[in-house]
>>> print(open('my_file28.txt').read())   # compact mmCIF, C-alpha atoms and all ligand atoms
# COMPACT_ATOMS: atom_id res chain seq x y z
CA MET X 1 161.13 82.51 158.51
CA LEU X 2 161.05 86.24 159.17
CA THR X 3 159.48 87.37 162.45
CA GLU X 4 158.05 90.79 163.26
CA LYS X 5 155.98 92.19 166.08
CA ARG X 6 154.29 95.48 166.62
CA LYS X 7 151.79 97.20 168.83
CA LEU X 8 148.14 97.51 167.90
CA ALA X 9 145.94 100.30 169.34
CA LYS X 10 149.11 101.88 170.72
CA GLY X 11 148.66 104.34 173.56
CA THR X 12 145.14 103.11 174.41
CA PRO X 13 144.04 100.70 177.18
CA TYR X 14 143.63 98.11 174.37
CA GLU X 15 147.31 98.27 173.35
CA THR X 16 148.38 94.74 172.45
CA TRP X 17 150.90 92.78 170.39
CA LEU X 18 150.47 91.76 166.80
CA HIS X 19 152.91 89.07 165.61
CA LEU X 20 153.82 88.35 161.99
CA PHE X 21 155.61 85.24 160.73
CA HIS X 22 156.63 85.19 157.09
CA GLY X 23 157.52 81.89 155.43
CA LYS X 24 160.38 81.61 152.94
CA LEU X 25 157.96 80.72 150.16
CA SER X 26 155.04 82.83 149.07
CA GLY X 27 151.60 81.56 150.01
CA PRO X 28 148.34 82.45 151.68
CA ASN X 29 147.88 84.82 154.61
CA VAL X 30 146.31 83.38 157.75
CA MET X 31 145.12 85.59 160.59
CA ILE X 32 144.47 84.24 164.09
CA VAL X 33 142.89 86.32 166.83
CA ALA X 34 142.29 85.25 170.44
CA GLY X 35 140.97 87.07 173.48
CA ILE X 36 138.20 89.09 171.87
CA HIS X 37 136.46 87.79 175.01
CA GLY X 38 138.80 88.23 177.99
CA LYS X 39 137.68 85.29 180.12
CA GLU X 40 138.15 82.60 177.45
CA VAL X 41 141.62 81.91 178.76
CA GLY X 42 142.27 78.50 177.14
CA SER X 43 142.12 80.07 173.69
CA ILE X 44 144.39 82.96 174.73
CA ARG X 45 146.96 80.56 176.24
CA ALA X 46 146.93 78.49 173.05
CA ALA X 47 147.60 81.58 170.92
CA GLN X 48 150.40 82.69 173.28
CA GLU X 49 151.92 79.21 173.12
CA LEU X 50 151.75 79.24 169.32
CA VAL X 51 153.60 82.58 169.22
CA LYS X 52 156.21 81.28 171.67
CA GLN X 53 156.86 78.14 169.62
CA LEU X 54 157.18 80.17 166.42
CA ARG X 55 159.51 82.71 168.02
CA ASN X 56 161.68 79.87 169.45
CA GLN X 57 161.62 78.21 166.03
CA GLU X 58 160.16 75.02 167.48
CA LEU X 59 157.57 75.54 164.77
CA THR X 60 158.24 77.10 161.37
CA ILE X 61 155.98 78.72 158.82
CA ARG X 62 157.08 77.30 155.49
CA ARG X 63 155.01 79.40 153.11
CA GLY X 64 152.70 82.38 153.35
CA THR X 65 152.26 84.68 156.32
CA LEU X 66 150.77 84.02 159.72
CA ILE X 67 149.39 86.98 161.67
CA VAL X 68 148.60 86.40 165.37
CA VAL X 69 146.95 88.68 167.92
CA PRO X 70 146.88 86.60 171.15
CA ILE X 71 145.03 89.11 173.39
CA ALA X 72 142.57 91.24 171.45
CA ASN X 73 140.83 92.64 174.52
CA GLN X 74 143.52 93.48 177.09
CA PRO X 75 141.26 95.31 179.62
CA ALA X 76 138.81 92.37 179.64
CA PHE X 77 141.63 89.80 179.89
CA LYS X 78 143.16 91.62 182.88
CA LYS X 79 139.82 91.30 184.70
CA ARG X 80 139.04 87.85 183.22
CA VAL X 81 135.66 89.06 181.97
CA ARG X 82 133.95 88.76 178.60
CA GLY X 83 134.26 92.51 178.04
CA ASN X 84 131.80 95.37 177.96
CA PRO X 85 130.90 96.37 175.30
CA ASP X 86 131.13 92.91 173.74
CA LEU X 87 133.90 93.46 171.15
CA ASN X 88 132.45 90.65 169.07
CA ARG X 89 129.39 92.77 168.25
CA THR X 90 131.35 95.86 167.15
CA PHE X 91 132.81 94.71 163.81
CA PRO X 92 131.36 96.08 160.56
CA ARG X 93 127.89 94.72 159.77
CA GLY X 94 126.01 94.51 156.50
CA SER X 95 126.94 97.17 153.99
CA ASP X 96 128.33 99.39 156.76
CA ARG X 97 132.10 99.00 156.65
CA ARG X 98 132.75 100.80 159.92
CA ALA X 99 133.64 99.12 163.18
CA THR X 100 132.14 100.83 166.22
CA HIS X 101 135.00 100.26 168.69
CA GLU X 102 138.65 101.34 168.57
CA MET X 103 139.91 97.76 168.97
CA SER X 104 137.65 96.16 166.39
CA ARG X 105 138.61 99.07 164.12
CA ALA X 106 142.30 98.25 164.61
CA LEU X 107 141.70 94.53 163.95
CA PHE X 108 139.52 95.17 160.91
CA LYS X 109 142.21 97.45 159.49
CA ILE X 110 144.71 94.56 159.77
CA MET X 111 142.21 92.34 157.93
CA GLN X 112 141.90 94.96 155.18
CA ASN X 113 145.69 95.40 154.92
CA TYR X 114 146.57 91.70 154.80
CA ASN X 115 143.43 90.38 153.15
CA PRO X 116 143.78 86.98 154.89
CA ASP X 117 142.72 83.86 152.99
CA TRP X 118 141.89 82.32 156.35
CA TYR X 119 140.65 83.98 159.52
CA LEU X 120 140.49 82.03 162.80
CA ASP X 121 138.86 83.55 165.87
CA LEU X 122 139.67 81.58 169.03
CA HIS X 123 137.03 81.43 171.77
CA GLU X 124 135.67 79.25 174.55
CA ALA X 125 132.07 78.53 175.44
CA ASN X 126 129.69 76.72 177.71
CA GLY X 127 128.76 73.04 177.39
CA LEU X 128 129.63 70.15 175.12
CA SER X 129 128.24 70.07 171.59
CA SER X 130 128.00 66.25 171.83
CA LYS X 131 125.36 66.67 174.55
CA SER X 132 123.23 69.51 173.20
CA LYS X 133 122.59 71.40 169.99
CA ASN X 134 122.08 74.57 172.02
CA VAL X 135 125.62 74.97 173.33
CA LEU X 136 128.82 76.04 171.60
CA GLY X 137 131.54 74.26 173.61
CA GLN X 138 133.62 72.01 171.25
CA THR X 139 132.37 73.52 167.98
CA LEU X 140 133.85 75.06 164.87
CA ILE X 141 131.56 77.79 163.60
CA THR X 142 131.53 79.29 160.15
CA ASN X 143 129.07 81.35 158.16
CA PRO X 144 126.47 79.69 155.93
CA GLY X 145 128.00 79.37 152.45
CA ASN X 146 131.53 80.24 153.59
CA ALA X 147 134.24 78.50 151.54
CA ALA X 148 135.69 77.02 154.76
CA VAL X 149 132.80 74.55 155.20
CA PRO X 150 134.40 71.48 153.51
CA THR X 151 137.71 72.01 155.35
CA VAL X 152 135.92 72.46 158.67
CA GLN X 153 134.05 69.18 158.10
CA LYS X 154 137.29 67.40 157.17
CA ILE X 155 139.17 68.69 160.24
CA ILE X 156 136.33 67.77 162.61
CA LYS X 157 136.29 64.26 161.15
CA GLN X 158 140.06 63.94 161.61
CA ILE X 159 140.04 65.22 165.19
CA ASN X 160 137.05 63.09 166.21
CA ALA X 161 138.79 60.02 164.76
CA THR X 162 141.71 60.39 167.19
CA SER X 163 141.61 59.02 170.74
CA ILE X 164 139.53 62.04 171.84
CA ARG X 165 136.71 61.18 174.28
CA PRO X 166 133.35 60.90 172.47
CA SER X 167 131.85 63.52 174.82
CA HIS X 168 134.56 65.96 173.68
CA HIS X 169 133.83 65.48 169.97
CA PHE X 170 133.66 68.64 167.86
CA HIS X 171 130.66 69.60 165.71
CA ILE X 172 130.19 72.19 162.98
CA ARG X 173 127.80 75.12 163.40
CA LEU X 174 126.72 77.49 160.65
CA HIS X 175 125.72 80.92 161.84
CA LYS X 176 125.81 84.52 160.71
CA LEU X 177 126.56 86.48 163.88
CA LYS X 178 126.14 90.17 163.09
CA GLY X 179 128.95 92.41 164.33
CA SER X 180 131.31 89.48 164.96
CA SER X 181 134.84 89.37 163.61
CA ARG X 182 134.07 86.04 161.89
CA THR X 183 131.13 87.48 159.96
CA ALA X 184 133.07 90.66 159.08
CA ALA X 185 135.98 88.55 157.77
CA SER X 186 133.54 86.36 155.83
CA GLU X 187 131.43 89.14 154.29
CA HIS X 188 133.88 92.02 153.84
CA ILE X 189 137.22 90.24 153.38
CA HIS X 190 135.81 87.05 151.77
CA ALA X 191 138.11 85.02 154.00
CA ARG X 192 137.55 81.42 154.92
CA SER X 193 136.41 82.38 158.36
CA VAL X 194 136.07 80.10 161.39
CA THR X 195 135.41 80.51 165.12
CA VAL X 196 137.03 77.84 167.29
CA GLU X 197 135.14 77.14 170.53
CA THR X 198 136.48 74.81 173.20
CA CYS X 199 134.48 73.99 176.33
CA TRP X 200 135.57 76.16 179.25
CA SER X 201 134.54 73.57 181.86
CA LEU X 202 137.32 71.21 180.78
CA LYS X 203 140.78 71.28 182.39
CA MET X 204 142.93 74.17 181.17
CA ASN X 205 145.59 71.91 179.61
CA THR X 206 142.94 69.93 177.75
CA ARG X 207 141.43 73.13 176.33
CA ILE X 208 144.82 74.45 175.25
CA GLU X 209 145.56 71.07 173.65
CA TYR X 210 142.30 71.09 171.64
CA GLN X 211 142.80 74.71 170.53
CA THR X 212 146.36 73.91 169.46
CA GLN X 213 145.29 70.79 167.59
CA VAL X 214 142.55 72.65 165.68
CA VAL X 215 144.86 75.55 164.77
CA ARG X 216 147.59 73.17 163.54
CA HIS X 217 145.07 71.40 161.31
CA PHE X 218 144.04 74.71 159.73
CA LEU X 219 147.65 75.85 159.27
CA ARG X 220 148.42 72.55 157.53
CA GLU X 221 145.31 72.77 155.34
CA ALA X 222 146.20 76.35 154.39
CA GLY X 223 149.68 75.16 153.38
CA LEU X 224 151.66 77.18 155.93
CA LEU X 225 153.14 74.15 157.71
CA GLN X 226 154.92 71.12 156.35
CA LYS X 227 152.30 68.36 156.06
ZN ZN F 301 133.87 84.14 173.06
>>> encode(input="my_file28.txt", output="structure tokens", more="lines below")
Ligand SMILES: [Zn+2]
Amino acid sequence: MLTEKRKLAKGTPYETWLHLFHGKLSGPNVMIVAGIHGKEVGSIRAAQELVKQLRNQELTIRRGTLIVVPIANQPAFKKRVRGNPDLNRTFPRGSDRRATHEMSRALFKIMQNYNPDWYLDLHEANGLSSKSKNVLGQTLITNPGNAAVPTVQKIIKQINATSIRPSHHFHIRLHKLKGSSRTAASEHIHARSVTVETCWSLKMNTRIEYQTQVVRHFLREAGLLQK
């Protein structure tokens, strides 16, 4: 496995690391972004942990390329706030291919360069989806008609069949959120595009564990990890 890292949005307050892990065999590209919202710390920690394990070679990408940006919104993460403007409303919408923020522009450029087959956007949200249809905690969200739908359903079934507490069960949501990175990746890049949302009221280690579990499932499904 070949490892690279480089700075994104260099010289700006948004400057952050982009990590690349190339498997020995050719295969799909998978892009994972966390920290578009700075206070969703469980998802950021999970992405940082993933990078650490890959760099230590505790985990190896077998085929394809994994691209990880663990902290997309550095100024918001430093203050542990969602971020203003909300970066997840600044990605290209509709037929307009332009992002309206320097950081979403930098991330969208990476999407255009690597044309990922899979795009995972890691977030955290309020509530438990097992309790209410109106909350996003413990959900996997994709766009209506996105090619990821069957895989998302399969992964949710697998995770909910483990010893996970019933109240922590994951549910699928289908939504076209204009200006979000998921919708931009779905509509402009034609990626299988998924937002991962854990519940931010759970214990930090539990949230990191769920994020990690979901990401591993997707990496296995995409063929990057040994089954
Ligand atoms: Zn979020």
>>> residues_near_ligand(input="my_file28.txt", ligand="ligand ZN 301 (chain F)", cutoff="8 Å", atoms="only C-alpha atoms and all ligand atoms", output="list in words")
Gly35, Ile36, His37, Glu40, Arg82, Asn88, Leu122, His123, Glu124, Ala125 and Glu197 of chain X
>>> closest_residue(input="my_file28.txt", among="X:Cys199, X:Val68, X:Leu87, X:Leu2", to="X:Lys52", atoms="only C-alpha atoms")
X:Val68
>>> residues_near_point(input="my_file28.txt", point="(144.8, 71.7, 173.8)", cutoff="12 Å", atoms="all atoms listed in the file", output="count of residues only")
34
>>> residues_around(input="my_file28.txt", residues="X:Arg6", least_positions_apart="6", cutoff="10 Å", atoms="all atoms listed in the file", output="VMD selection string")
chain X and resid 16 to 20
>>> atom_distance(input="my_file28.txt", atom1="atom CA of X:Thr60", atom2="atom CA of X:Pro150")
25.7 Å
>>> residues_around(input="my_file28.txt", residues="X:Met1", least_positions_apart="3", cutoff="9 Å", atoms="only C-alpha atoms", output="compact mmCIF listing (two decimals) with C-alpha atoms, in the frame of the given file")
# COMPACT_ATOMS: atom_id res chain seq x y z
CA PHE X 21 155.61 85.24 160.73
CA HIS X 22 156.63 85.19 157.09
CA GLY X 23 157.52 81.89 155.43
CA LYS X 24 160.38 81.61 152.94
CA GLN X 57 161.62 78.21 166.03
CA THR X 60 158.24 77.10 161.37
CA ILE X 61 155.98 78.72 158.82
CA ARG X 62 157.08 77.30 155.49
CA ARG X 63 155.01 79.40 153.11
>>> atom_distance(input="my_file28.txt", atom1="atom CA of X:Gln226", atom2="atom CA of X:Leu140")
23.1 Å
>>> closest_residue(input="my_file28.txt", among="X:Arg105, X:Lys79, X:Arg220, X:Lys131", to="X:Pro166", atoms="all atoms listed in the file")
X:Lys131
>>> atom_distance(input="my_file28.txt", atom1="atom CA of X:Thr139", atom2="atom CA of X:Ala161")
15.3 Å
>>> residues_around(input="my_file28.txt", residues="X:Glu221", least_positions_apart="4", cutoff="9 Å", atoms="all atoms listed in the file", output="compact mmCIF listing (two decimals) with C-alpha atoms, in the frame of the given file")
# COMPACT_ATOMS: atom_id res chain seq x y z
CA THR X 151 137.71 72.01 155.35
CA ILE X 155 139.17 68.69 160.24
CA ARG X 216 147.59 73.17 163.54
CA HIS X 217 145.07 71.40 161.31
CA LEU X 225 153.14 74.15 157.71
CA LYS X 227 152.30 68.36 156.06
>>> closest_atom_pairs(input="my_file28.txt", of="stretch 60-110 of chain X", to="stretch 179-185 of chain X", cutoff="12 Å", atoms="all atoms listed in the file", output="CSV")
residue,atom,partner,partner_atom,distance
X:Ala72,CA,X:Ser181,CA,11.2
X:Pro85,CA,X:Gly179,CA,11.8
X:Asp86,CA,X:Ser180,CA,9.4
X:Leu87,CA,X:Ser180,CA,7.8
X:Asn88,CA,X:Ser180,CA,4.4
X:Arg89,CA,X:Gly179,CA,4.0
X:Thr90,CA,X:Gly179,CA,5.1
X:Phe91,CA,X:Gly179,CA,4.5
X:Pro92,CA,X:Gly179,CA,5.8
X:Arg93,CA,X:Gly179,CA,5.2
X:Gly94,CA,X:Ala184,CA,8.4
X:Ser95,CA,X:Ala184,CA,10.3
X:Asp96,CA,X:Ala184,CA,10.2
X:Arg97,CA,X:Ala184,CA,8.7
X:Arg98,CA,X:Ala184,CA,10.2
X:Ala99,CA,X:Gly179,CA,8.3
X:Thr100,CA,X:Gly179,CA,9.2
X:His101,CA,X:Gly179,CA,10.8
X:Met103,CA,X:Ser181,CA,11.2
X:Ser104,CA,X:Ser181,CA,7.9
X:Arg105,CA,X:Ser181,CA,10.4
X:Ala106,CA,X:Ser181,CA,11.6
X:Leu107,CA,X:Ser181,CA,8.6
X:Phe108,CA,X:Ser181,CA,7.9
X:Lys109,CA,X:Ala185,CA,11.0
X:Ile110,CA,X:Ala185,CA,10.8
>>> closest_residue(input="my_file28.txt", among="X:Gly38, X:Pro144, X:Asp117, X:Gln112", to="X:Lys78", atoms="all atoms listed in the file")
X:Gly38
>>> closest_residue(input="my_file28.txt", among="X:Val51, X:Pro28, X:Val152, X:Val81", to="X:Gly223", atoms="all atoms listed in the file")
X:Pro28
>>> closest_residue(input="my_file28.txt", among="X:Tyr114, X:Tyr14, X:Phe77, X:Tyr119", to="X:Arg192", atoms="all atoms listed in the file")
X:Tyr119
